[in-house]
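Q: Got a structure for you, coords26.txt, holding compact mmCIF, C-alpha atoms.
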# COMPACT_ATOMS: atom_id res chain seq x y z
CA MET R 28 23.52 -34.44 -2.43
CA ILE R 29 20.84 -37.07 -1.74
CA LYS R 30 17.54 -36.37 -3.45
CA ASN R 31 14.16 -37.55 -2.27
CA LYS R 32 12.79 -39.70 -5.07
CA ASN R 33 9.31 -38.30 -4.42
CA THR R 34 10.50 -34.70 -4.83
CA LYS R 35 9.99 -33.17 -8.26
CA THR R 36 13.13 -31.60 -9.65
CA CYS R 37 12.30 -28.03 -10.56
CA SER R 38 13.57 -26.70 -13.87
CA ALA R 39 15.03 -23.83 -11.81
CA HIS R 40 17.81 -26.23 -10.80
CA ARG R 41 18.60 -27.09 -14.40
CA ASP R 42 18.02 -23.92 -16.37
CA PRO R 43 20.74 -21.29 -15.85
CA HIS R 44 18.36 -18.68 -17.31
CA PHE R 45 15.58 -19.45 -14.82
CA SER R 46 15.87 -16.04 -13.15
CA GLU R 47 14.58 -14.45 -16.33
CA GLY R 48 11.43 -16.55 -16.26
CA ALA R 49 8.86 -16.81 -19.04
CA GLN R 50 8.94 -13.64 -21.13
CA PHE R 51 5.95 -11.38 -21.67
CA THR R 52 6.13 -10.60 -25.37
CA LYS R 53 4.51 -7.84 -27.40
CA ASP R 54 2.09 -10.37 -28.89
CA MET R 55 0.80 -11.24 -25.42
CA LYS R 56 -0.31 -7.68 -24.71
CA ASN R 57 -3.60 -8.06 -26.59
CA THR R 58 -4.43 -11.58 -25.44
CA TYR R 59 -3.13 -11.98 -21.86
CA THR R 60 -4.71 -10.89 -18.58
CA ILE R 61 -2.28 -9.46 -16.04
CA LEU R 62 -3.23 -10.43 -12.49
CA ALA R 63 -2.33 -7.93 -9.75
CA PRO R 64 -2.78 -8.38 -5.99
CA ASP R 65 -5.07 -5.98 -4.15
CA ILE R 66 -2.74 -3.75 -2.13
CA PHE R 67 -4.14 -0.25 -1.70
CA PRO R 68 -7.80 0.41 -0.76
CA LEU R 69 -8.96 2.86 -3.44
CA HIS R 70 -5.88 3.46 -5.52
CA MET R 71 -5.72 0.13 -7.34
CA ASP R 72 -8.85 0.76 -9.43
CA LEU R 73 -7.40 4.07 -10.64
CA ILE R 74 -4.05 2.44 -11.46
CA ARG R 75 -5.90 -0.28 -13.35
CA GLN R 76 -7.59 2.31 -15.57
CA ILE R 77 -4.19 3.72 -16.51
CA PHE R 78 -2.95 0.31 -17.65
CA LEU R 79 -6.18 -0.34 -19.55
CA SER R 80 -5.69 2.91 -21.47
CA TYR R 81 -2.32 1.61 -22.68
CA GLY R 82 -3.81 -1.63 -23.95
CA TYR R 83 -2.92 -3.87 -21.01
CA LYS R 84 -5.75 -6.00 -19.68
CA ILE R 85 -5.23 -6.03 -15.92
CA ASP R 86 -7.42 -7.44 -13.15
CA ILE R 87 -7.14 -6.54 -9.47
CA LEU R 88 -7.63 -9.73 -7.46
CA ARG R 89 -10.10 -9.47 -4.58
CA TYR R 90 -9.86 -13.06 -3.31
CA THR R 91 -9.80 -13.36 0.49
CA GLY R 92 -10.14 -16.00 3.15
CA LYS R 93 -8.42 -19.15 4.32
CA LYS R 94 -8.35 -20.65 0.82
CA VAL R 95 -6.01 -17.88 -0.35
CA ILE R 96 -3.74 -18.13 2.69
CA ASP R 97 -3.60 -21.92 2.31
CA THR R 98 -2.64 -21.54 -1.35
CA GLY R 99 0.15 -19.14 -0.43
CA LEU R 100 1.44 -21.48 2.28
CA LYS R 101 1.23 -24.49 -0.03
CA TYR R 102 3.28 -23.09 -2.89
CA LEU R 103 5.56 -20.65 -1.02
CA HIS R 104 7.76 -21.31 1.98
CA ASN R 105 5.92 -20.97 5.29
CA ASP R 106 8.77 -18.84 6.64
CA MET R 107 8.12 -16.15 4.03
CA CYS R 108 6.67 -12.88 5.25
CA TYR R 109 2.91 -12.60 5.63
CA PRO R 110 2.50 -9.99 2.84
CA ALA R 111 4.09 -12.50 0.44
CA ILE R 112 1.70 -15.24 1.56
CA CYS R 113 -1.26 -12.89 0.97
CA THR R 114 -0.30 -11.17 -2.29
CA CYS R 115 1.31 -14.14 -4.01
CA GLY R 116 -1.41 -16.36 -2.57
CA GLN R 117 -4.07 -14.26 -4.33
CA GLN R 118 -2.25 -14.65 -7.64
CA LEU R 119 -1.56 -18.38 -7.34
CA TYR R 120 -5.13 -19.00 -6.19
CA ALA R 121 -6.42 -17.16 -9.27
CA LEU R 122 -4.42 -19.54 -11.47
CA THR R 123 -5.74 -22.65 -9.72
CA CYS R 124 -9.37 -21.83 -8.88
CA GLY R 125 -10.67 -22.04 -12.46
CA ASP R 126 -11.56 -18.36 -12.92
CA TYR R 127 -8.67 -17.76 -15.31
CA ASP R 128 -6.86 -19.69 -18.04
CA PRO R 129 -3.23 -19.94 -16.83
CA GLN R 130 -2.12 -20.18 -20.45
CA LYS R 131 -3.39 -16.63 -21.01
CA CYS R 132 -2.30 -14.96 -17.78
CA ALA R 133 0.67 -13.06 -16.44
CA LEU R 134 1.38 -11.99 -12.86
CA ILE R 135 2.68 -8.60 -11.72
CA GLN R 136 4.35 -7.51 -8.49
CA PHE R 137 5.70 -4.22 -7.19
CA GLN R 138 9.44 -4.12 -6.54
CA THR R 139 10.94 -1.46 -4.31
CA GLY R 140 14.56 -2.29 -5.09
CA GLY R 141 15.45 -2.00 -1.40
CA GLY R 142 16.26 -4.45 1.36
CA CYS R 143 12.66 -5.67 1.67
CA ARG R 144 11.86 -9.23 0.64
CA ALA R 145 9.24 -7.69 -1.66
CA SER R 146 12.07 -7.08 -4.11
CA ASN R 147 12.34 -10.89 -4.35
CA TYR R 148 8.66 -11.70 -4.78
CA ILE R 149 9.26 -11.96 -8.52
CA TRP R 150 11.64 -14.90 -8.10
CA LEU R 151 9.52 -16.35 -5.33
CA LEU R 152 6.55 -16.51 -7.70
CA ARG R 153 8.65 -18.01 -10.50
CA LYS R 154 9.91 -20.74 -8.20
CA ALA R 155 6.34 -21.49 -7.09
CA LEU R 156 5.09 -21.56 -10.68
CA CYS R 157 7.91 -23.89 -11.61
CA ASN R 158 6.97 -26.31 -8.84
CA MET R 159 3.32 -26.10 -9.97
CA GLY R 160 4.24 -26.93 -13.56
CA MET R 161 3.18 -23.43 -14.65
CA ASP R 162 6.56 -21.90 -15.41
CA TYR R 163 5.10 -20.74 -18.72
CA VAL R 164 3.26 -17.96 -16.83
CA PRO R 165 5.20 -14.66 -17.15
CA VAL R 166 5.88 -12.65 -13.99
CA LEU R 167 6.24 -8.88 -14.48
CA SER R 168 7.97 -6.27 -12.36
CA LEU R 169 6.50 -2.84 -11.63
CA SER R 170 9.46 -0.90 -10.31
CA PHE R 171 11.01 2.57 -10.46
CA SER R 172 14.47 1.02 -10.26
CA LYS R 173 14.11 -0.94 -13.53
CA MET R 174 15.08 -4.17 -11.79
CA GLU R 175 13.62 -6.12 -14.69
CA GLN R 176 12.45 -5.24 -18.18
CA CYS R 177 10.77 -7.09 -21.00
CA ASP R 178 9.83 -6.18 -24.54
CA GLY R 179 6.08 -6.60 -24.06
CA PHE R 180 5.70 -4.54 -20.91
CA ARG R 181 7.10 -1.04 -20.66
CA ILE R 182 6.51 1.70 -18.08
CA THR R 183 6.96 5.13 -19.65
CA PRO R 184 7.62 8.41 -17.78
CA TYR R 185 4.13 9.57 -18.77
CA MET R 186 2.64 6.43 -17.20
CA ILE R 187 4.60 7.15 -14.02
CA LEU R 188 3.18 10.68 -13.95
CA LYS R 189 -0.33 9.31 -14.35
CA GLY R 190 0.37 6.78 -11.62
CA MET R 191 1.55 9.46 -9.18
CA ILE R 192 -1.54 11.58 -9.88
CA GLY R 193 -3.65 8.45 -9.39
CA ILE R 194 -2.00 8.00 -5.98
CA ILE R 195 -2.85 11.61 -5.06
CA TYR R 196 -6.47 11.15 -6.10
CA GLY R 197 -6.64 7.87 -4.19
CA ASP R 198 -5.21 9.52 -1.08
CA MET R 199 -7.77 12.31 -1.33
CA LEU R 200 -10.64 9.84 -1.68
CA MET R 201 -9.36 7.75 1.23
CA LEU R 202 -8.91 10.77 3.51
CA LEU R 203 -12.33 12.26 2.76
CA ARG R 204 -14.14 8.93 2.98
CA ASN R 205 -12.57 8.02 6.32
CA GLN R 206 -13.51 11.36 7.87
CA ILE R 207 -17.12 11.44 6.64
CA ARG R 208 -18.39 7.86 6.62
CA PRO R 209 -18.44 7.38 10.44
CA TYR R 210 -20.74 10.41 10.78
CA GLU R 211 -23.03 10.14 7.72
CA LYS R 212 -26.75 10.50 8.44
CA ASN R 213 -27.80 8.29 5.56
CA GLU R 214 -25.84 5.08 5.34
CA GLY R 215 -24.25 4.66 1.93
CA ASP R 216 -24.04 8.35 1.00
CA THR R 217 -20.27 8.41 1.35
CA GLN R 218 -19.76 5.28 -0.73
CA LYS R 219 -21.90 6.74 -3.52
CA VAL R 220 -19.58 9.74 -3.73
CA VAL R 221 -16.53 7.46 -3.65
CA ASP R 222 -17.94 5.37 -6.51
CA LYS R 223 -18.81 8.49 -8.50
CA TRP R 224 -15.30 9.88 -8.26
CA THR R 225 -13.61 6.54 -8.83
CA ARG R 226 -15.43 6.29 -12.18
CA GLU R 227 -14.81 9.92 -13.10
CA LEU R 228 -11.14 9.95 -12.17
CA GLY R 229 -10.51 6.61 -13.83
CA SER R 230 -12.03 7.95 -17.03
CA GLN R 231 -9.97 11.13 -16.87
CA LEU R 232 -6.70 9.30 -16.17
CA SER R 233 -7.29 6.93 -19.07
CA ARG R 234 -7.76 9.94 -21.37
CA GLY R 235 -4.77 11.84 -19.98
CA LYS R 236 -6.95 14.46 -18.28
CA GLY R 237 -6.79 15.98 -14.79
CA LEU R 238 -3.03 15.54 -14.49
CA VAL R 239 -1.61 18.99 -13.81
CA GLY R 240 -2.39 22.60 -12.96
CA ARG R 241 -5.93 23.90 -13.16
CA SER R 242 -7.60 20.59 -14.04
CA LEU R 243 -5.97 18.82 -11.08
CA ARG R 244 -6.97 21.58 -8.66
CA LYS R 245 -10.49 21.60 -10.10
CA ASN R 246 -10.90 17.87 -9.44
CA LEU R 247 -9.51 18.04 -5.91
CA ARG R 248 -11.74 21.00 -5.07
CA ALA R 249 -14.83 19.33 -6.53
CA MET R 250 -14.10 16.16 -4.55
CA ALA R 251 -13.84 18.12 -1.31
CA GLU R 252 -17.08 19.95 -2.10
CA ASP R 253 -18.97 16.73 -2.79
CA PHE R 254 -17.90 15.12 0.48
CA ASP R 255 -18.50 18.35 2.38
CA LYS R 256 -22.14 18.33 1.23
CA ILE R 257 -22.86 14.91 2.71
CA PRO R 258 -25.24 15.29 5.71
CA VAL R 259 -23.56 14.17 8.93
CA ASN R 260 -24.46 13.62 12.59
CA ASN R 261 -22.77 15.71 15.25
CA THR R 262 -21.64 12.75 17.33
CA LYS R 263 -18.39 11.95 19.07
CA LYS R 264 -16.27 9.02 17.92
CA THR R 265 -13.09 7.50 19.25
CA LYS R 266 -10.31 8.58 16.89
CA VAL R 267 -7.83 5.88 15.87
CA GLY R 268 -4.77 6.11 13.62
CA ILE R 269 -3.43 3.18 11.60
CA VAL R 270 0.26 2.82 10.73
CA GLY R 271 2.60 -0.09 10.08
CA GLU R 272 4.07 -2.14 7.26
CA ILE R 273 2.75 -0.82 3.96
CA TYR R 274 0.73 -3.90 2.96
CA VAL R 275 -1.05 -4.73 6.22
CA LYS R 276 -1.57 -1.02 6.88
CA TYR R 277 -3.77 -0.64 3.79
CA SER R 278 -5.01 -4.06 2.68
CA GLN R 279 -8.30 -5.17 4.22
CA PHE R 280 -7.31 -8.75 3.41
CA GLY R 281 -3.90 -8.36 5.03
CA ASN R 282 -5.22 -6.78 8.24
CA ASN R 283 -8.31 -8.99 8.65
CA GLY R 284 -10.80 -6.21 7.93
CA LEU R 285 -9.32 -3.81 10.47
CA GLU R 286 -11.18 -0.77 9.13
CA ASP R 287 -14.55 -2.52 9.18
CA PHE R 288 -13.90 -3.69 12.74
CA LEU R 289 -13.03 -0.18 13.90
CA ALA R 290 -16.21 1.12 12.25
CA SER R 291 -18.19 -1.51 14.16
CA GLN R 292 -16.61 -0.21 17.39
CA ASP R 293 -17.90 3.33 16.79
CA CYS R 294 -14.50 4.72 15.75
CA GLU R 295 -13.23 7.20 13.22
CA PHE R 296 -9.89 6.12 11.79
CA MET R 297 -7.18 7.85 9.81
CA VAL R 298 -4.59 6.14 7.60
CA PRO R 299 -1.65 8.21 6.29
CA GLY R 300 -1.62 8.54 2.50
CA VAL R 301 0.21 6.25 0.12
CA LEU R 302 1.96 9.29 -1.38
CA GLY R 303 3.96 9.65 1.83
CA PHE R 304 5.56 6.26 1.23
CA PHE R 305 6.73 7.33 -2.23
CA GLN R 306 8.08 10.58 -0.79
CA PHE R 307 9.86 8.46 1.80
CA MET R 308 11.42 6.32 -0.95
CA PHE R 309 12.62 9.34 -2.95
CA ASP R 310 14.00 10.99 0.18
CA ASN R 311 15.87 7.78 1.07
CA LYS R 312 17.81 7.95 -2.20
CA ILE R 313 18.95 11.46 -1.28
CA THR R 314 19.88 10.39 2.26
CA ASP R 315 21.77 7.34 0.98
CA TYR R 316 23.88 9.54 -1.28
CA LYS R 317 24.71 11.88 1.61
CA LEU R 318 25.60 9.05 3.99
CA TYR R 319 27.13 6.41 1.75
CA GLY R 320 27.83 7.99 -1.64
CA GLY R 321 26.75 6.27 -4.84
CA SER R 322 25.10 7.61 -7.95
CA ARG R 323 24.76 11.38 -8.05
CA ILE R 324 22.41 11.07 -11.04
CA SER R 325 20.05 8.87 -8.99
CA CYS R 326 20.20 11.42 -6.17
CA GLU R 327 19.37 14.34 -8.46
CA LEU R 328 16.51 12.46 -10.14
CA SER R 329 15.12 11.62 -6.71
CA LYS R 330 15.27 15.31 -5.74
CA ILE R 331 13.26 16.20 -8.85
CA ALA R 332 10.70 13.45 -8.21
CA LEU R 333 10.38 14.42 -4.54
CA ALA R 334 9.89 18.10 -5.40
CA ALA R 335 7.20 17.20 -7.96
CA VAL R 336 5.09 14.97 -5.72
CA THR R 337 5.53 17.36 -2.78
CA HIS R 338 4.17 20.16 -4.96
CA PHE R 339 1.06 18.08 -5.67
CA GLU R 340 0.74 17.22 -1.98
CA LYS R 341 0.83 20.91 -1.00
CA MET R 342 -1.82 21.61 -3.64
CA MET R 343 -4.11 19.03 -2.05
CA CYS R 344 -3.49 20.40 1.46
CA LYS R 345 -4.13 23.98 0.37
CA ILE R 346 -7.52 22.98 -0.98
CA LEU R 347 -8.41 21.01 2.16
CA GLU R 348 -7.55 23.99 4.37
CA LYS R 349 -10.64 25.74 2.99
CA TYR R 350 -12.87 23.02 4.47
CA PRO R 351 -12.66 23.15 8.30
CA ARG R 352 -14.55 19.87 8.57
CA PHE R 353 -11.56 17.94 7.26
CA VAL R 354 -8.28 17.22 9.05
CA CYS R 355 -5.51 18.04 6.59
CA PRO R 356 -2.37 15.84 6.54
CA SER R 357 0.97 17.40 7.41
CA HIS R 358 3.46 18.41 4.73
CA PHE R 359 6.29 15.98 4.13
CA ASP R 360 8.84 18.45 5.53
CA ARG R 361 6.94 18.36 8.81
CA ILE R 362 6.86 14.55 8.70
CA LYS R 363 10.65 14.52 8.44
CA GLU R 364 10.96 16.88 11.40
CA LEU R 365 8.76 14.58 13.50
CA GLY R 366 10.81 11.55 12.49
CA ASP R 367 14.08 13.27 13.40
CA LYS R 368 12.86 13.63 17.00
CA VAL R 369 12.62 9.86 17.32
CA ILE R 370 15.17 8.12 15.09
CA GLY R 371 17.88 8.83 12.50
CA ARG R 372 17.01 9.37 8.84
CA GLY R 373 19.41 6.57 7.87
CA VAL R 374 17.01 3.99 9.36
CA ARG R 375 14.82 3.12 6.41
CA MET R 376 14.14 -0.65 6.43
CA GLY R 377 10.71 -1.83 7.53
CA GLU R 378 9.21 1.62 6.84
CA GLY R 379 12.12 2.99 8.89
CA TRP R 380 11.85 6.51 10.28
CA LEU R 381 8.55 7.06 8.44
CA LEU R 382 6.70 4.76 10.83
CA PRO R 383 7.33 6.71 14.07
CA ALA R 384 6.99 9.97 12.13
CA GLU R 385 3.48 8.98 11.03
CA ILE R 386 2.58 7.99 14.60
CA ALA R 387 3.73 11.40 15.80
CA GLU R 388 1.76 13.13 13.03
CA LEU R 389 -1.42 11.24 13.92
CA ILE R 390 -1.07 12.15 17.59
CA GLU R 391 -0.57 15.82 16.69
CA LYS R 392 -3.73 15.66 14.58
CA GLY R 393 -5.77 14.34 17.52
CA TYR R 394 -5.58 10.60 16.77
CA ASN R 395 -3.92 9.63 20.06
CA ASN R 396 -4.91 5.98 19.75
CA VAL R 397 -2.65 4.34 17.18
CA ILE R 398 -2.65 0.77 15.88
CA CYS R 399 0.72 -0.34 14.51
CA ALA R 400 0.00 -3.22 12.09
CA GLN R 401 3.03 -5.50 11.79
CA PRO R 402 3.29 -8.69 9.71
CA PHE R 403 5.14 -11.89 10.41
CA GLY R 404 8.51 -11.99 8.67
CA CYS R 405 9.20 -8.25 8.56
CA LEU R 406 11.80 -8.08 11.33
CA PRO R 407 12.87 -4.47 10.61
CA ASN R 408 9.26 -3.32 10.86
CA HIS R 409 8.87 -5.00 14.24
CA ILE R 410 12.14 -3.51 15.48
CA VAL R 411 11.32 0.03 14.35
CA GLY R 412 7.65 -0.16 15.33
CA LYS R 413 8.03 -1.63 18.81
CA GLY R 414 11.46 -0.10 19.39
CA THR R 415 10.30 3.51 19.06
CA ILE R 416 7.17 3.27 21.23
CA ARG R 417 8.97 4.21 24.44
CA THR R 418 10.45 7.37 22.91
CA LEU R 419 7.10 8.30 21.38
CA ARG R 420 5.36 7.92 24.73
CA GLU R 421 7.97 10.16 26.32
CA LEU R 422 7.36 12.79 23.64
CA TYR R 423 3.58 12.32 23.72
CA PRO R 424 2.35 11.18 27.16
CA GLU R 425 -1.20 10.99 25.82
CA ALA R 426 -0.19 8.38 23.21
CA ASN R 427 -2.07 5.07 23.31
CA ILE R 428 -0.08 2.88 20.89
CA CYS R 429 -0.99 -0.75 20.27
CA PRO R 430 1.15 -3.04 18.05
CA ILE R 431 -0.88 -5.79 16.38
CA ASP R 432 0.82 -8.79 14.75
CA TYR R 433 -0.60 -10.29 11.56
CA ASP R 434 0.41 -13.69 10.22
CA ALA R 435 -1.08 -16.75 8.60
CA GLY R 436 -1.69 -18.50 11.92
CA ALA R 437 -2.79 -15.48 13.97
CA SER R 438 -6.21 -15.52 15.59
CA LYS R 439 -8.51 -12.73 14.42
CA VAL R 440 -10.30 -12.92 17.77
CA ASN R 441 -7.06 -12.29 19.64
CA GLN R 442 -6.24 -9.35 17.38
CA GLU R 443 -9.65 -7.79 17.91
CA ASN R 444 -9.52 -8.37 21.65
CA ARG R 445 -6.23 -6.49 21.85
CA ILE R 446 -7.76 -3.62 19.90
CA LYS R 447 -10.81 -3.63 22.18
CA LEU R 448 -8.48 -3.31 25.18
CA MET R 449 -6.79 -0.32 23.50
CA LEU R 450 -10.20 1.25 22.83
CA ALA R 451 -11.23 0.68 26.45
CA VAL R 452 -8.15 2.63 27.55
CA ALA R 453 -9.05 5.33 25.00
CA LYS R 454 -12.64 5.65 26.25
CA GLU R 455 -11.45 5.86 29.84
CA ALA R 456 -9.10 8.69 28.91
CA GLU R 457 -11.99 10.55 27.21
CA LEU R 458 -14.05 10.64 30.42
Before anything else, please render the file you have as structure tokens.
A:
Amino acid sequence: MIKNKNTKTCSAHRDPHFSEGAQFTKDMKNTYTILAPDIFPLHMDLIRQIFLSYGYKIDILRYTGKKVIDTGLKYLHNDMCYPAICTCGQQLYALTCGDYDPQKCALIQFQTGGGCRASNYIWLLRKALCNMGMDYVPVLSLSFSKMEQCDGFRITPYMILKGMIGIIYGDMLMLLRNQIRPYEKNEGDTQKVVDKWTRELGSQLSRGKGLVGRSLRKNLRAMAEDFDKIPVNNTKKTKVGIVGEIYVKYSQFGNNGLEDFLASQDCEFMVPGVLGFFQFMFDNKITDYKLYGGSRISCELSKIALAAVTHFEKMMCKILEKYPRFVCPSHFDRIKELGDKVIGRGVRMGEGWLLPAEIAELIEKGYNNVICAQPFGCLPNHIVGKGTIRTLRELYPEANICPIDYDAGASKVNQENRIKLMLAVAKEAEL
């Protein structure tokens, strides 16, 4: 093989143990800052509080803009998926912008353990760090499948329970905020309630409070009451649903401020909860065992996990049913029924059957105008998203579905113009 003399030889090509990367040791726990990308809108602050309570110093990175994208493109391959460019770009930018000491930082990424490239972000980051001369920076995995473990960073079952409850609280906050903020009489009232509950819930989660039974119900009920008391205007808004690949669906950075743009266009928007994605993952393990065999233990554990989170979901829905102002999400069993009308349950890559199921749910809830956010590099998501639109329109003639592509070179103006065209069709249908 001929080597370019100007190309630096990465230690990854010499070190057979490169895949393990720099280790995060127990001694680092008290002195290192763990840098996490900003993925979910309200949930990340609650998850951060859980880690802080276990002695891990973790920062959620809020960097945005061209500088972050350029950093991701510079140190990763430009053919990598857009979520990788964004999330890894935030972390690599943090190490190079001067805000953090790279010698005292570690990076963390979620790993699904499935066919998504996200399962390989860990190695992608390590390769980038190696090329940057920063291969001393540890990269941690946050995964249910235990793809990687290290002595200094351990996820316990109790932490997982707290994390799932944090997801439920985050979903509740997101749902209530999105349904009240477009109609609030006094601008900022909704955000004040969001901030209040983010602080309160973070404090409770860090102390192991509000996790089960009466205390969980009490918090959910009190949250609904607080949002229900916010004075609102009785005005009509165009209702828009947002679905798509999990990162660009939720991340304001990944979708170019989609939610803010919709608010500026006099819309109310609904985004399905993050909990549904975890239910989808647990259900996939059960489906895989039925279709392909494999580990029965993994299947049974997934059944237990699915039953537990579904119980919490039903608790949230039961409380919301007492407040007519709020649109309550469908139970997961109903989501599966909606998905079965469109595509087989064995299709699970790129959000798989969950994506058309969420579109169908939104339409049934009155959000006929649906934006399907799809990133560059996620071919399965494009196939499932665009490939099921025809069937969905046959099932729901009133559906107004608009796929929007997001990538490092995409024009925000073009994206917004496409959305404006969708909204023009929606307003015409309302007349």
Q: Quick one: residues within 9 Å of region 201-203 of chain R, all atoms listed in the file, excluding same-chain residues fewer than 6 positions away - as a ChimeraX atom specification?
A: /R:68-70,217,221,250-251,254-255,297-300,353-356
Q: Distance CA of Lys317 (chain R)-CA of Asp360 (chain R), one decimal place?
A: 17.6 Å
Q: Need to verify the contact set: Leu122 (chain R), 10 Å, all atoms listed in the file, exclusion of same-chain residues closer than 6 positions in sequence. Can you return it as a list of chain:residue names?
A: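 Residues near the query, excluding close chain neighbours: R:Leu62, R:Gly116, R:Asp128, R:Pro129, R:Gln130, R:Cys132, R:Ala133, R:Leu134, R:Leu156, R:Met161, R:Val164.
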Q: Please provide as a list in words all residues within 9 Å of Ile192 (chain R), with the sequence filter that same-chain residues fewer than 4 positions apart are discarded (counting all atoms listed in the file).
A: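 That gives Ile187, Leu188, Tyr196, Gly197, Leu232, Gly237, Leu238, Val239, Leu243, Val336 and Phe339 of chain R.
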Q: (10.4, 6.8, 13.0) in this file's frame - what residues fall within 7 Å of it? Use only C-alpha atoms and give the answer as a list of chain:residue names.
A: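 Those residues lying close to the given coordinates are R:Gly366, R:Val369, R:Ile370, R:Gly379, R:Trp380, R:Leu381, R:Leu382, R:Pro383, R:Ala384, R:Val411, R:Thr415.
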Q: Residues of region 282-337 of chain R that have any atom at most 12 Å from an atom of region 265-270 of chain R: could you tabulate them with the shortest-distance atom pair and the distance in Å to one decimal, using all atoms listed in the file, ordered by chain and increasing number, as a Markdown table?
A:
| residue | atom | partner | partner_atom | distance |
| --- | --- | --- | --- | --- |
| R:Asn282 | CA | R:Ile269 | CA | 10.7 |
| R:Leu285 | CA | R:Ile269 | CA | 9.2 |
| R:Glu286 | CA | R:Ile269 | CA | 9.0 |
| R:Phe288 | CA | R:Val267 | CA | 11.8 |
| R:Leu289 | CA | R:Val267 | CA | 8.2 |
| R:Ala290 | CA | R:Thr265 | CA | 10.0 |
| R:Ser291 | CA | R:Thr265 | CA | 11.5 |
| R:Gln292 | CA | R:Thr265 | CA | 8.7 |
| R:Asp293 | CA | R:Thr265 | CA | 6.8 |
| R:Cys294 | CA | R:Thr265 | CA | 4.7 |
| R:Glu295 | CA | R:Lys266 | CA | 4.9 |
| R:Phe296 | CA | R:Val267 | CA | 4.6 |
| R:Met297 | CA | R:Gly268 | CA | 4.8 |
| R:Val298 | CA | R:Ile269 | CA | 5.1 |
| R:Pro299 | CA | R:Val270 | CA | 7.2 |
| R:Gly300 | CA | R:Val270 | CA | 10.2 |
| R:Val301 | CA | R:Val270 | CA | 11.2 |
| R:Gly303 | CA | R:Val270 | CA | 11.8 |
| R:Phe304 | CA | R:Val270 | CA | 11.4 |
Q: So, counting only C-alpha atoms, which residue among R:Gln218, R:Thr314, R:Thr114, R:Thr183 is closest to Gln279 (chain R)?
A: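 Of R:Gln218, R:Thr314, R:Thr114, R:Thr183, the one nearest Gln279 (chain R), counting only C-alpha atoms, is R:Thr114.
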Q: Distance cut-off 12 Å, centre (9.2, 8.4, -2.2) in file coordinates, counting only C-alpha atoms: which residues qualify? Return them as a PyMOL selection string.
A: chain R and resi 139+171+191+194+300-314+328-337+359+375+378+381
Q: Generate the output file for the selected residues, C-alpha atoms, as a CSV table (one decimal), in the coordinates of the input.
A:
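Below you can see result-v2.csv, which holds the result:
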chain,number,residue,atom,x,y,z
R,139,THR,CA,10.9,-1.5,-4.3
R,171,PHE,CA,11.0,2.6,-10.5
R,191,MET,CA,1.6,9.5,-9.2
R,194,ILE,CA,-2.0,8.0,-6.0
R,300,GLY,CA,-1.6,8.5,2.5
R,301,VAL,CA,0.2,6.2,0.1
R,302,LEU,CA,2.0,9.3,-1.4
R,303,GLY,CA,4.0,9.6,1.8
R,304,PHE,CA,5.6,6.3,1.2
R,305,PHE,CA,6.7,7.3,-2.2
R,306,GLN,CA,8.1,10.6,-0.8
R,307,PHE,CA,9.9,8.5,1.8
R,308,MET,CA,11.4,6.3,-1.0
R,309,PHE,CA,12.6,9.3,-3.0
R,310,ASP,CA,14.0,11.0,0.2
R,311,ASN,CA,15.9,7.8,1.1
R,312,LYS,CA,17.8,8.0,-2.2
R,313,ILE,CA,19.0,11.5,-1.3
R,314,THR,CA,19.9,10.4,2.3
R,328,LEU,CA,16.5,12.5,-10.1
R,329,SER,CA,15.1,11.6,-6.7
R,330,LYS,CA,15.3,15.3,-5.7
R,331,ILE,CA,13.3,16.2,-8.8
R,332,ALA,CA,10.7,13.4,-8.2
R,333,LEU,CA,10.4,14.4,-4.5
R,334,ALA,CA,9.9,18.1,-5.4
R,335,ALA,CA,7.2,17.2,-8.0
R,336,VAL,CA,5.1,15.0,-5.7
R,337,THR,CA,5.5,17.4,-2.8
R,359,PHE,CA,6.3,16.0,4.1
R,375,ARG,CA,14.8,3.1,6.4
R,378,GLU,CA,9.2,1.6,6.8
R,381,LEU,CA,8.6,7.1,8.4
Q: One number please: CA of Ile398 (chain R) to CA of Pro64 (chain R), in Å, one decimal.
A: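 These two atoms are separated by 23.7 Å.
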